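See below for input00.tsv, which holds TSV, C-alpha atoms.
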chain	number	residue	atom	x	y	z
A	30	MET	CA	0.00	0.00	0.00
A	31	ARG	CA	1.40	3.36	-1.02
A	32	ILE	CA	0.58	6.35	1.18
A	33	VAL	CA	1.59	9.96	0.46
A	34	THR	CA	1.65	12.31	3.47
A	35	LEU	CA	1.66	16.06	2.94
A	36	LEU	CA	3.27	18.65	5.23
A	37	LEU	CA	2.85	21.77	3.11
A	38	HIS	CA	4.56	24.56	4.97
A	39	ASP	CA	8.13	25.78	4.78
A	40	GLU	CA	10.45	26.47	7.70
A	41	ARG	CA	10.54	30.28	7.73
A	42	PHE	CA	8.83	30.37	11.13
A	43	SER	CA	11.20	27.84	12.72
A	44	GLY	CA	14.53	28.81	11.20
A	45	TRP	CA	15.38	25.16	10.47
A	46	SER	CA	17.80	24.49	7.64
A	47	LEU	CA	17.02	21.78	5.10
A	48	ARG	CA	19.47	19.42	6.81
A	49	GLU	CA	17.85	20.07	10.20
A	50	LYS	CA	14.42	19.49	8.70
A	51	LEU	CA	15.53	16.11	7.36
A	52	ASP	CA	17.51	14.96	10.39
A	53	ARG	CA	15.55	16.16	13.39
A	54	LEU	CA	12.71	14.25	15.01
A	55	HIS	CA	9.32	15.38	13.72
A	56	PHE	CA	5.82	13.92	13.90
A	57	SER	CA	5.60	13.72	10.09
A	58	LYS	CA	8.54	11.32	10.05
A	59	GLN	CA	7.08	9.42	13.00
A	60	TYR	CA	4.11	8.68	10.73
A	61	LEU	CA	6.45	7.42	8.01
A	62	ARG	CA	8.00	4.99	10.47
A	63	PHE	CA	4.56	3.79	11.46
A	64	CYS	CA	3.73	3.10	7.82
A	65	LYS	CA	7.05	1.34	7.25
A	66	SER	CA	6.28	-0.97	10.17
A	67	PHE	CA	2.98	-1.89	8.47
A	68	GLY	CA	4.91	-3.00	5.38
A	69	TRP	CA	3.58	-0.01	3.42
A	70	GLU	CA	5.40	2.31	1.01
A	71	PRO	CA	5.33	5.80	2.58
A	72	TYR	CA	6.11	9.18	0.99
A	73	LEU	CA	6.35	12.63	2.54
A	74	TYR	CA	5.91	15.82	0.49
A	75	CYS	CA	7.11	19.00	2.18
A	76	PHE	CA	8.52	22.47	1.44
A	77	HIS	CA	11.70	24.33	2.22
A	78	HIS	CA	12.03	28.01	1.43
A	79	ALA	CA	15.75	27.78	0.52
A	80	LEU	CA	15.26	25.38	-2.42
A	81	ARG	CA	15.09	26.28	-6.10
A	82	GLU	CA	14.17	22.81	-7.35
A	83	MET	CA	12.67	19.64	-5.90
A	84	GLN	CA	14.98	17.30	-4.03
A	85	VAL	CA	14.25	13.62	-3.33
A	86	TYR	CA	15.65	11.63	-0.42
A	87	GLU	CA	15.20	7.91	0.17
A	88	ARG	CA	15.62	6.64	3.72
A	89	GLU	CA	15.45	2.96	4.54
A	90	ASP	CA	13.65	3.61	7.84
A	91	LEU	CA	11.34	6.34	6.50
A	92	GLY	CA	10.62	5.87	2.81
A	93	VAL	CA	10.76	8.67	0.24
A	94	ILE	CA	10.87	12.36	1.19
A	95	LYS	CA	10.26	14.91	-1.56
A	96	VAL	CA	11.11	18.50	-0.68
A	97	PHE	CA	9.66	21.18	-2.95
A	98	PRO	CA	10.54	24.84	-3.42
A	99	VAL	CA	7.80	27.38	-2.73
A	100	GLU	CA	6.37	28.81	-5.96
A	101	PHE	CA	4.29	31.57	-4.35
A	102	ARG	CA	2.68	32.58	-1.09
A	103	PHE	CA	-0.98	33.45	-0.69
A	104	PRO	CA	-2.51	35.17	1.19
A	105	PRO	CA	0.45	37.54	1.64
A	106	CYS	CA	1.99	38.69	4.92
A	107	LEU	CA	1.44	35.45	6.85
A	108	ARG	CA	4.15	33.67	8.84
A	109	PHE	CA	2.81	30.18	8.29
A	110	GLY	CA	0.61	28.08	6.06
A	111	ASN	CA	0.40	30.20	2.90
A	112	ASP	CA	3.02	28.31	0.85
A	113	HIS	CA	2.08	26.90	-2.55
A	114	ALA	CA	3.56	24.84	-5.38
A	115	PRO	CA	0.43	23.34	-6.97
A	116	LYS	CA	1.84	22.32	-10.36
A	117	ALA	CA	4.76	20.40	-8.86
A	118	LEU	CA	2.69	18.79	-6.11
A	119	LEU	CA	-0.09	17.62	-8.41
A	120	ARG	CA	2.44	16.34	-10.96
A	121	GLU	CA	4.19	14.22	-8.33
A	122	LEU	CA	0.91	12.94	-6.90
A	123	VAL	CA	-0.03	11.62	-10.35
A	124	ARG	CA	3.44	10.12	-10.79
A	125	ASP	CA	3.45	8.38	-7.38
A	126	ALA	CA	-0.19	7.20	-7.69
A	127	PRO	CA	-0.92	6.72	-3.97
A	128	ASP	CA	-3.58	4.41	-2.59
A	129	LEU	CA	-4.22	6.93	0.20
A	130	VAL	CA	-3.28	10.56	0.87
A	131	HIS	CA	-2.86	11.97	4.39
A	132	PHE	CA	-2.77	15.75	4.78
A	133	HIS	CA	-1.01	17.09	7.88
A	134	HIS	CA	-2.55	20.28	9.32
A	135	TYR	CA	-5.53	21.15	7.17
A	136	TYR	CA	-5.81	24.80	8.25
A	137	LEU	CA	-3.57	25.60	5.31
A	138	PHE	CA	-4.63	27.47	2.21
A	139	ALA	CA	-3.40	24.63	-0.01
A	140	PHE	CA	-5.93	22.16	1.36
A	141	PRO	CA	-8.99	22.98	-0.80
A	142	TYR	CA	-7.32	22.37	-4.18
A	143	ILE	CA	-5.35	19.38	-2.88
A	144	ALA	CA	-8.54	17.82	-1.50
A	145	ARG	CA	-10.40	18.34	-4.77
A	146	PHE	CA	-7.54	16.86	-6.80
A	147	VAL	CA	-7.22	13.79	-4.58
A	148	LYS	CA	-10.92	13.00	-4.71
A	149	THR	CA	-11.57	13.78	-8.40
A	150	ARG	CA	-8.28	12.94	-10.17
A	151	LEU	CA	-6.65	10.34	-7.93
A	152	THR	CA	-9.98	9.00	-6.63
A	153	CYS	CA	-8.35	7.60	-3.50
A	154	PRO	CA	-9.16	8.04	0.21
A	155	LEU	CA	-8.12	11.31	1.87
A	156	THR	CA	-7.45	11.74	5.60
A	157	VAL	CA	-6.48	14.96	7.35
A	158	GLN	CA	-5.06	15.90	10.72
A	159	LEU	CA	-4.89	19.21	12.51
A	160	HIS	CA	-1.86	19.60	14.75
A	161	GLY	CA	-3.20	22.82	16.15
A	162	TYR	CA	-5.96	24.46	18.04
A	163	HIS	CA	-9.58	25.54	18.19
A	164	GLN	CA	-10.20	28.37	15.74
A	165	GLN	CA	-12.13	31.50	16.80
A	166	TRP	CA	-14.87	32.71	14.47
A	167	ARG	CA	-12.78	35.45	12.79
A	168	HIS	CA	-10.09	32.91	11.93
A	169	ARG	CA	-12.65	30.39	10.72
A	170	LEU	CA	-13.93	33.05	8.32
A	171	ALA	CA	-10.51	33.26	6.64
A	172	TYR	CA	-10.21	29.49	6.59
A	173	THR	CA	-13.76	28.84	5.36
A	174	PRO	CA	-12.60	27.21	2.07
A	175	SER	CA	-10.41	24.80	4.05
A	176	LEU	CA	-13.20	24.00	6.47
A	177	LEU	CA	-15.72	23.41	3.69
A	178	ALA	CA	-13.20	21.14	1.96
A	179	LEU	CA	-13.24	18.88	5.05
A	180	ARG	CA	-16.40	17.38	3.57
A	181	ARG	CA	-14.19	15.70	0.96
A	182	ALA	CA	-12.11	13.95	3.63
A	183	ASP	CA	-12.78	10.36	4.61
A	184	ARG	CA	-11.36	10.76	8.13
A	185	ILE	CA	-10.38	13.76	10.28
A	186	PHE	CA	-7.89	13.12	13.09
A	187	TYR	CA	-7.71	15.68	15.90
A	188	SER	CA	-6.17	15.92	19.34
A	189	TYR	CA	-7.48	19.17	20.85
A	190	GLN	CA	-10.98	18.43	22.16
A	191	PRO	CA	-12.54	21.89	21.51
A	192	GLU	CA	-12.02	21.24	17.79
A	193	ALA	CA	-15.08	18.98	17.91
A	194	ALA	CA	-17.27	22.10	17.92
A	195	VAL	CA	-15.81	23.10	14.53
A	196	TYR	CA	-16.64	19.70	13.04
A	197	GLN	CA	-20.13	19.87	14.48
A	198	ALA	CA	-20.68	23.27	12.87
A	199	PHE	CA	-19.51	22.02	9.47
A	200	LYS	CA	-21.40	18.71	9.79
A	201	VAL	CA	-18.32	16.46	9.62
A	202	LEU	CA	-18.18	15.32	13.25
A	203	ALA	CA	-19.12	11.75	12.27
A	204	LYS	CA	-15.80	11.47	10.39
A	205	ALA	CA	-13.68	12.89	13.24
A	206	VAL	CA	-11.42	10.63	15.33
A	207	HIS	CA	-9.81	11.79	18.60
A	208	VAL	CA	-6.13	10.77	18.78
A	209	PRO	CA	-3.17	11.71	21.01
A	210	MET	CA	-0.80	13.99	19.15
A	211	PRO	CA	2.10	13.47	18.78
A	212	SER	CA	2.19	10.73	21.52
A	213	ILE	CA	5.08	9.43	23.62
A	214	ASP	CA	7.22	6.34	24.01
A	215	PRO	CA	6.75	5.44	27.71
A	216	ARG	CA	10.05	3.56	27.67
A	217	VAL	CA	11.90	6.82	26.91
A	218	PHE	CA	9.86	9.35	28.90
A	219	THR	CA	9.89	7.80	32.35
A	220	PRO	CA	9.00	9.28	35.75
A	221	GLY	CA	11.94	10.41	37.85
A	222	HIS	CA	12.81	12.83	40.61
A	223	GLN	CA	16.03	14.76	40.06
A	224	ARG	CA	14.71	18.07	41.37
A	225	GLY	CA	16.93	20.47	43.26
A	226	ALA	CA	16.34	24.22	43.35
A	227	PRO	CA	13.10	25.47	41.72
A	228	ARG	CA	13.37	25.28	37.93
A	229	LEU	CA	10.89	26.10	35.17
A	230	LEU	CA	11.22	24.47	31.76
A	231	TYR	CA	10.19	25.25	28.21
A	232	VAL	CA	10.69	22.72	25.39
A	233	GLY	CA	9.89	23.56	21.79
A	234	ARG	CA	10.58	25.89	18.93
A	235	VAL	CA	11.35	29.53	19.69
A	236	PRO	CA	9.44	31.69	17.18
A	237	LEU	CA	9.87	35.45	16.96
A	238	SER	CA	6.34	36.11	18.14
A	239	LEU	CA	4.36	37.26	21.15
A	240	ARG	CA	1.17	35.54	20.00
A	241	THR	CA	-0.18	32.95	22.39
A	242	TYR	CA	-3.30	32.14	20.39
A	243	GLY	CA	-2.61	29.13	18.19
A	244	GLU	CA	1.14	29.15	18.81
A	245	LYS	CA	3.63	29.28	21.66
A	246	ALA	CA	5.41	32.47	22.70
A	247	PRO	CA	8.39	31.48	24.88
A	248	ILE	CA	9.58	35.10	24.75
A	249	LEU	CA	6.85	35.86	27.29
A	250	LEU	CA	8.43	33.46	29.78
A	251	LEU	CA	11.28	35.93	30.25
A	252	SER	CA	8.74	38.57	31.24
A	253	LEU	CA	7.14	36.08	33.62
A	254	LEU	CA	10.52	35.17	35.12
A	255	TYR	CA	11.38	38.86	35.65
A	256	ARG	CA	8.16	39.28	37.65
A	257	LEU	CA	8.55	35.96	39.47
A	258	LEU	CA	12.05	36.51	40.88
A	259	PRO	CA	10.90	38.89	43.65
A	260	TYR	CA	8.77	35.99	44.96
A	261	GLN	CA	11.03	33.00	44.20
A	262	ASP	CA	14.68	32.31	43.45
A	263	VAL	CA	13.99	30.24	40.32
A	264	THR	CA	15.76	29.29	37.10
A	265	LEU	CA	14.20	29.02	33.64
A	266	THR	CA	15.56	26.56	31.06
A	267	LEU	CA	14.61	27.09	27.41
A	268	VAL	CA	15.23	24.01	25.25
A	269	GLY	CA	14.88	24.64	21.54
A	270	ASP	CA	15.89	26.96	18.76
A	271	GLY	CA	14.25	29.07	16.12
A	272	ALA	CA	14.03	32.55	14.69
A	273	GLY	CA	13.27	34.06	18.10
A	274	LEU	CA	16.18	32.57	20.05
A	275	PRO	CA	18.65	35.46	19.47
A	276	TYR	CA	15.99	37.93	20.58
A	277	CYS	CA	15.33	35.91	23.75
A	278	GLN	CA	19.03	35.91	24.57
A	279	ARG	CA	19.27	39.68	24.09
A	280	LEU	CA	16.14	40.26	26.17
A	281	ALA	CA	17.46	38.09	29.01
A	282	ALA	CA	20.62	40.20	29.10
A	283	LYS	CA	18.63	43.44	28.98
A	284	LEU	CA	16.46	42.33	31.93
A	285	ASP	CA	19.56	41.16	33.84
A	286	LEU	CA	18.30	37.57	33.89
A	287	ASP	CA	21.44	35.82	32.67
A	288	ALA	CA	22.05	34.17	36.04
A	289	HIS	CA	18.53	32.75	36.02
A	290	VAL	CA	18.12	31.60	32.40
A	291	GLU	CA	19.69	28.62	30.64
A	292	PHE	CA	19.49	28.43	26.83
A	293	THR	CA	20.35	24.93	25.64
A	294	ALA	CA	19.32	25.39	21.98
A	295	TYR	CA	18.10	22.20	20.27
A	296	LEU	CA	18.63	18.94	22.15
A	297	PRO	CA	18.19	15.40	20.81
A	298	HIS	CA	15.03	13.68	21.96
A	299	ALA	CA	16.96	11.20	24.12
A	300	GLU	CA	18.26	14.07	26.28
A	301	LEU	CA	14.84	15.53	27.07
A	302	PRO	CA	13.66	13.16	29.85
A	303	ALA	CA	16.41	14.32	32.21
A	304	ARG	CA	15.40	17.93	31.60
A	305	TYR	CA	11.76	17.22	32.40
A	306	GLN	CA	12.67	15.20	35.49
A	307	ALA	CA	14.78	18.07	36.85
A	308	ALA	CA	12.04	20.69	36.40
A	309	TRP	CA	9.40	21.63	38.94
A	310	LEU	CA	6.99	22.89	36.29
A	311	THR	CA	6.93	22.77	32.48
A	312	MET	CA	5.63	25.99	30.92
A	313	VAL	CA	3.51	26.01	27.76
A	314	PRO	CA	3.09	29.71	26.79
A	315	MET	CA	-0.01	29.11	24.68
A	316	GLU	CA	-3.72	29.75	25.25
A	317	LEU	CA	-5.62	26.54	25.97
A	318	GLU	CA	-9.13	25.77	27.13
A	319	ASP	CA	-7.91	22.63	28.89
A	320	ILE	CA	-4.83	20.49	29.45
A	321	ASP	CA	-6.18	17.00	28.87
A	322	GLY	CA	-3.02	15.16	27.80
A	323	TYR	CA	-4.13	14.50	24.24
A	324	PHE	CA	-2.68	17.68	22.77
A	325	ASP	CA	0.91	18.91	22.50
A	326	GLY	CA	4.11	16.95	22.64
A	327	ALA	CA	5.77	18.92	25.45
A	328	ILE	CA	2.69	18.43	27.63
A	329	GLN	CA	2.67	14.68	27.02
A	330	GLU	CA	6.42	14.29	27.50
A	331	SER	CA	6.49	16.31	30.72
A	332	LEU	CA	3.55	14.47	32.27
A	333	ALA	CA	5.02	11.10	31.29
A	334	CYS	CA	8.15	12.11	33.21
A	335	GLY	CA	6.10	13.05	36.28
A	336	THR	CA	6.44	16.82	35.93
A	337	PRO	CA	3.33	19.01	36.02
A	338	VAL	CA	2.45	21.48	33.26
A	339	ALA	CA	1.11	25.03	33.17
A	340	ALA	CA	-0.35	26.79	30.11
A	341	LEU	CA	-2.27	30.05	29.65
A	342	LYS	CA	-6.03	30.42	29.95
A	343	ALA	CA	-8.03	30.75	26.77
A	344	SER	CA	-10.35	33.20	28.55
A	345	PRO	CA	-10.78	34.67	32.04
A	346	ARG	CA	-13.66	32.22	32.58
A	347	THR	CA	-11.33	29.21	32.17
A	348	PRO	CA	-10.73	27.44	35.54
A	349	ASP	CA	-7.32	27.61	37.19
A	350	GLU	CA	-6.95	23.85	36.89
A	351	GLY	CA	-7.47	21.84	33.75
A	352	SER	CA	-8.03	18.11	33.58
A	353	ARG	CA	-4.32	17.35	33.95
A	354	GLY	CA	-2.51	20.66	34.29
A	355	PHE	CA	-2.64	24.24	35.55
A	356	LEU	CA	-4.00	27.23	33.61
A	357	LEU	CA	-2.52	30.66	34.26
A	358	PRO	CA	-3.78	34.20	33.58
A	359	LYS	CA	-2.53	35.70	30.31
A	360	ARG	CA	-1.28	38.82	32.11
A	361	MET	CA	2.30	38.00	33.05
A	362	THR	CA	2.18	39.80	36.40
A	363	ASP	CA	-0.77	37.67	37.48
A	364	ALA	CA	0.74	34.53	35.95
A	365	ALA	CA	3.96	35.06	37.93
A	366	ALA	CA	2.00	35.33	41.17
A	367	GLU	CA	0.17	32.07	40.37
A	368	VAL	CA	3.43	30.27	39.56
A	369	ALA	CA	4.92	31.48	42.85
A	370	THR	CA	1.92	30.04	44.68
A	371	LEU	CA	2.32	26.70	42.90
A	372	LEU	CA	6.04	26.51	43.65
A	373	ASP	CA	5.20	27.01	47.33
A	374	ALA	CA	2.81	24.04	47.19
A	375	PRO	CA	4.86	20.99	46.12
A	376	GLU	CA	2.09	18.62	47.22
A	377	THR	CA	-0.29	20.30	44.74
A	378	LEU	CA	2.30	19.97	41.97
A	379	GLU	CA	2.91	16.31	42.78
A	380	ALA	CA	-0.79	15.44	42.85
A	381	MET	CA	-1.38	16.96	39.41
A	382	ALA	CA	1.77	15.32	38.04
A	383	ARG	CA	0.67	11.87	39.22
A	384	LYS	CA	-2.76	12.29	37.65
A	385	GLY	CA	-1.26	13.43	34.34
A	386	ALA	CA	1.40	10.73	34.28
A	387	ARG	CA	-1.13	7.95	34.76
A	388	PHE	CA	-3.27	9.25	31.92
A	389	VAL	CA	-0.65	9.90	29.22
A	390	ARG	CA	1.30	6.72	29.91
A	391	ARG	CA	-1.90	4.77	29.33
A	392	HIS	CA	-3.77	6.71	26.64
A	393	CYS	CA	-1.21	8.85	24.77
A	394	THR	CA	1.42	6.37	23.67
A	395	GLU	CA	2.89	5.83	20.22
A	396	ALA	CA	1.52	2.29	20.27
A	397	ARG	CA	-2.01	3.58	20.81
A	398	LEU	CA	-1.73	6.24	18.09
A	399	LYS	CA	-0.19	3.77	15.67
A	400	GLU	CA	-2.97	1.23	16.25
A	401	THR	CA	-5.68	3.87	15.75
A	402	LEU	CA	-4.16	5.27	12.56
A	403	ARG	CA	-3.70	1.86	11.02
A	404	GLY	CA	-7.24	0.82	11.85
A	405	GLU	CA	-8.75	3.98	10.40
A	406	TRP	CA	-6.56	3.99	7.28
A	407	GLU	CA	-7.30	0.35	6.54
A	408	GLY	CA	-10.97	1.03	7.16
A	409	VAL	CA	-11.23	3.77	4.52
A	410	LEU	CA	-9.23	1.67	2.06
A	411	LYS	CA	-11.76	-1.16	2.33
A	412	ARG	CA	-14.76	1.07	1.60
Render the structure in this file as structure tokens.
Amino acid sequence: MRIVTLLLHDERFSGWSLREKLDRLHFSKQYLRFCKSFGWEPYLYCFHHALREMQVYEREDLGVIKVFPVEFRFPPCLRFGNDHAPKALLRELVRDAPDLVHFHHYYLFAFPYIARFVKTRLTCPLTVQLHGYHQQWRHRLAYTPSLLALRRADRIFYSYQPEAAVYQAFKVLAKAVHVPMPSIDPRVFTPGHQRGAPRLLYVGRVPLSLRTYGEKAPILLLSLLYRLLPYQDVTLTLVGDGAGLPYCQRLAAKLDLDAHVEFTAYLPHAELPARYQAAWLTMVPMELEDIDGYFDGAIQESLACGTPVAALKASPRTPDEGSRGFLLPKRMTDAAAEVATLLDAPETLEAMARKGARFVRRHCTEARLKETLRGEWEGVLKR
């Protein structure tokens, strides 16, 4: 069975080079490994902004990766998701003749014409997966063509529970399947207690952005730390790189935080468990309506290691505690006061960590995701 997976955005927002894109761990390549283990023939189509012509890479453990240059961007002035190369993509889809197409992250402006082509020209099953967040009405308006095109999909995989309201509104909820994204290997991310002095942790890309709606803004954690230090002698570790890392380093120096901030840049996945185990609290500077364990890799990894998680509230009405994590006010002064309170209550942190660890180690594993994907993909192929 030949499956083509599509990850149709470039790496402007992350700052990754082509080599980093190919070599670093990413959920899109995790899916290729899943398919390889089924005995299938997997392909990944993706973009990189530095290319002038398509490049093809064959990996024994992954399959075929085709990296395309970006022909144009529409709508203009967006940081993410507006990359297009329709002629090249459709040409290669015809050439590779997949039995199934899986589209990663369908809130992209390429999805409507890709979906139409797959269902009318290739006439094969189409599945889609959002690795994102619940869209507010003004964003849904801009993405209306993509949302309407969901009706062409055979299955919709999602991990953030509030997304179900979107599917209900567009009458596609019956095709939606709740899955843990990206999932963890419980043999790698194990509980442990290596905690010394209070330490906060951030793991992920470092974009040059202060937006917390739909993306993470680790820059804000420096503002939080600045306001937290009068309450607590605490250290912040930022693991990851990206376009915003140099700015974060300059801001830390400007705020005189150098003694309290550790920048590790990118770390291999195998080195992350020790970082989680040493932290008192993992910070997710992103607006969420709940922390349920199904959504976001850093949340799953931290909980699997027995370290509690705190994100930002989606609205003032959101409770202070989610299902398996803490939710902080978006105003950094108030968030710092809440974090100080949590750090003074280790029993509260431990109780939430135990609850989260039990859940993700049972429900959010790679084995569970792999089993669900295979069952759904084989199901649409048999129709």
Can you find the residues with an atom no farther than 8 Å from (-7.5, 17.1, 18.9), counting all atoms listed in the file, and report them as a short mmCIF file (atom, residue, chain, number, x, y, z; two decimals) with C-alpha atoms, keeping the file's coordinate frame?
data_model
loop_
_atom_site.label_atom_id
_atom_site.label_comp_id
_atom_site.auth_asym_id
_atom_site.auth_seq_id
_atom_site.Cartn_x
_atom_site.Cartn_y
_atom_site.Cartn_z
CA LEU A 159 -4.89 19.21 12.51
CA HIS A 160 -1.86 19.60 14.75
CA GLY A 161 -3.20 22.82 16.15
CA TYR A 162 -5.96 24.46 18.04
CA PHE A 186 -7.89 13.12 13.09
CA TYR A 187 -7.71 15.68 15.90
CA SER A 188 -6.17 15.92 19.34
CA TYR A 189 -7.48 19.17 20.85
CA GLN A 190 -10.98 18.43 22.16
CA PRO A 191 -12.54 21.89 21.51
CA GLU A 192 -12.02 21.24 17.79
CA ALA A 193 -15.08 18.98 17.91
CA HIS A 207 -9.81 11.79 18.60
CA VAL A 208 -6.13 10.77 18.78
CA PRO A 209 -3.17 11.71 21.01
CA MET A 210 -0.80 13.99 19.15
CA TYR A 323 -4.13 14.50 24.24
CA PHE A 324 -2.68 17.68 22.77
#
Contact residues around range 59-62 of chain A with all atoms listed in the file at 9 Å, ignoring same-chain residues under 5 positions, as a list in words: Thr34, Leu54, Phe67, Glu70, Pro71, Tyr72, Leu73, Asp90, Leu91, Gly92, Val93, Pro211 and Lys399 of chain A
Can you tell me, as a ChimeraX atom specification, what residues are no more than 10 Å from Thr293 in chain A when counting all atoms listed in the file, ignoring any on the same chain fewer than 4 positions away? /A:232,266-270
How many Å separate CA of Trp166 in chain A from CA of His133 in chain A? 21.9 Å
Give me the residues within 12 Å of Arg397 in chain A as a list in words, counting all atoms listed in the file and dropping any in the same chain fewer than 4 places off.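 Surrounding residues, per the criterion: Phe63, His207, Val208, Pro209, Met210, Pro211, Ser212, Ile213, Asp214, Pro215, Tyr323, Val389, Arg390, Arg391, His392, Cys393, Thr401, Leu402, Arg403 and Gly404 of chain A.
As for CA of Ile143 in chain A and CA of His77 in chain A, they are spaced 18.5 Å apart.
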Give me, as a ChimeraX atom specification, all polymer residues having an atom no more than 9 Å from Leu47 in chain A, counting only C-alpha atoms and skipping those fewer than 2 positions away in the same chain. /A:40,45,49-52,77-80,96
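CA of Leu230 in chain A lies 18.9 Å from CA of Glu376 in chain A.
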Which is closest to Pro345 in chain A among A:Leu36, A:Ala327, A:Leu317, A:Ala139, if we use only C-alpha atoms? A:Leu317
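The neighbours of Trp309 in chain A here are the residues that come within 10 Å of it, using all atoms listed in the file and leaving out any residue fewer than 4 positions away in the same chain; they are His222, Gln223, Arg224, Gly225, Ala226, Pro227, Arg228, Leu229, Leu230, Val263, Tyr305, Gly335, Thr336, Pro337, Val338, Leu371, Leu372, Pro375, Leu378, Glu379 and Ala382 of chain A.
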Which one is closest to Thr152 in chain A: A:Leu410, A:Ala333, A:Met315, A:Val290? Count only C-alpha atoms. A:Leu410
Closest to Leu237 in chain A among A:Ala364, A:Ala178, A:Val217, A:Cys277, using only C-alpha atoms?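 Smallest separation from Leu237 in chain A among the options: A:Cys277.
Comparing A:Phe146, A:Tyr136, A:Phe218, A:Phe292 by their smallest distance to Pro115 in chain A, the closest is A:Phe146 (using all atoms listed in the file).
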Centre, edges in Å (one decimal): axis-aligned box, range 396-404 of chain A, 8 Å padding on all six sides, as JSON:
{"center_x": -2.9, "center_y": 3.5, "center_z": 15.9, "size_x": 24.8, "size_y": 21.4, "size_z": 25.8}
Using only C-alpha atoms, the best pick from A:Ala396, A:Ile328, A:Val313, A:Leu129 as closest to Val33 in chain A would be A:Leu129
Would you mind telling me which residue in A:Ala117, A:Leu296, A:Ala343, A:Gly233 lies nearest to Met312 in chain A when using all atoms listed in the file?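 The answer is A:Gly233, which sits nearest to Met312 in chain A.
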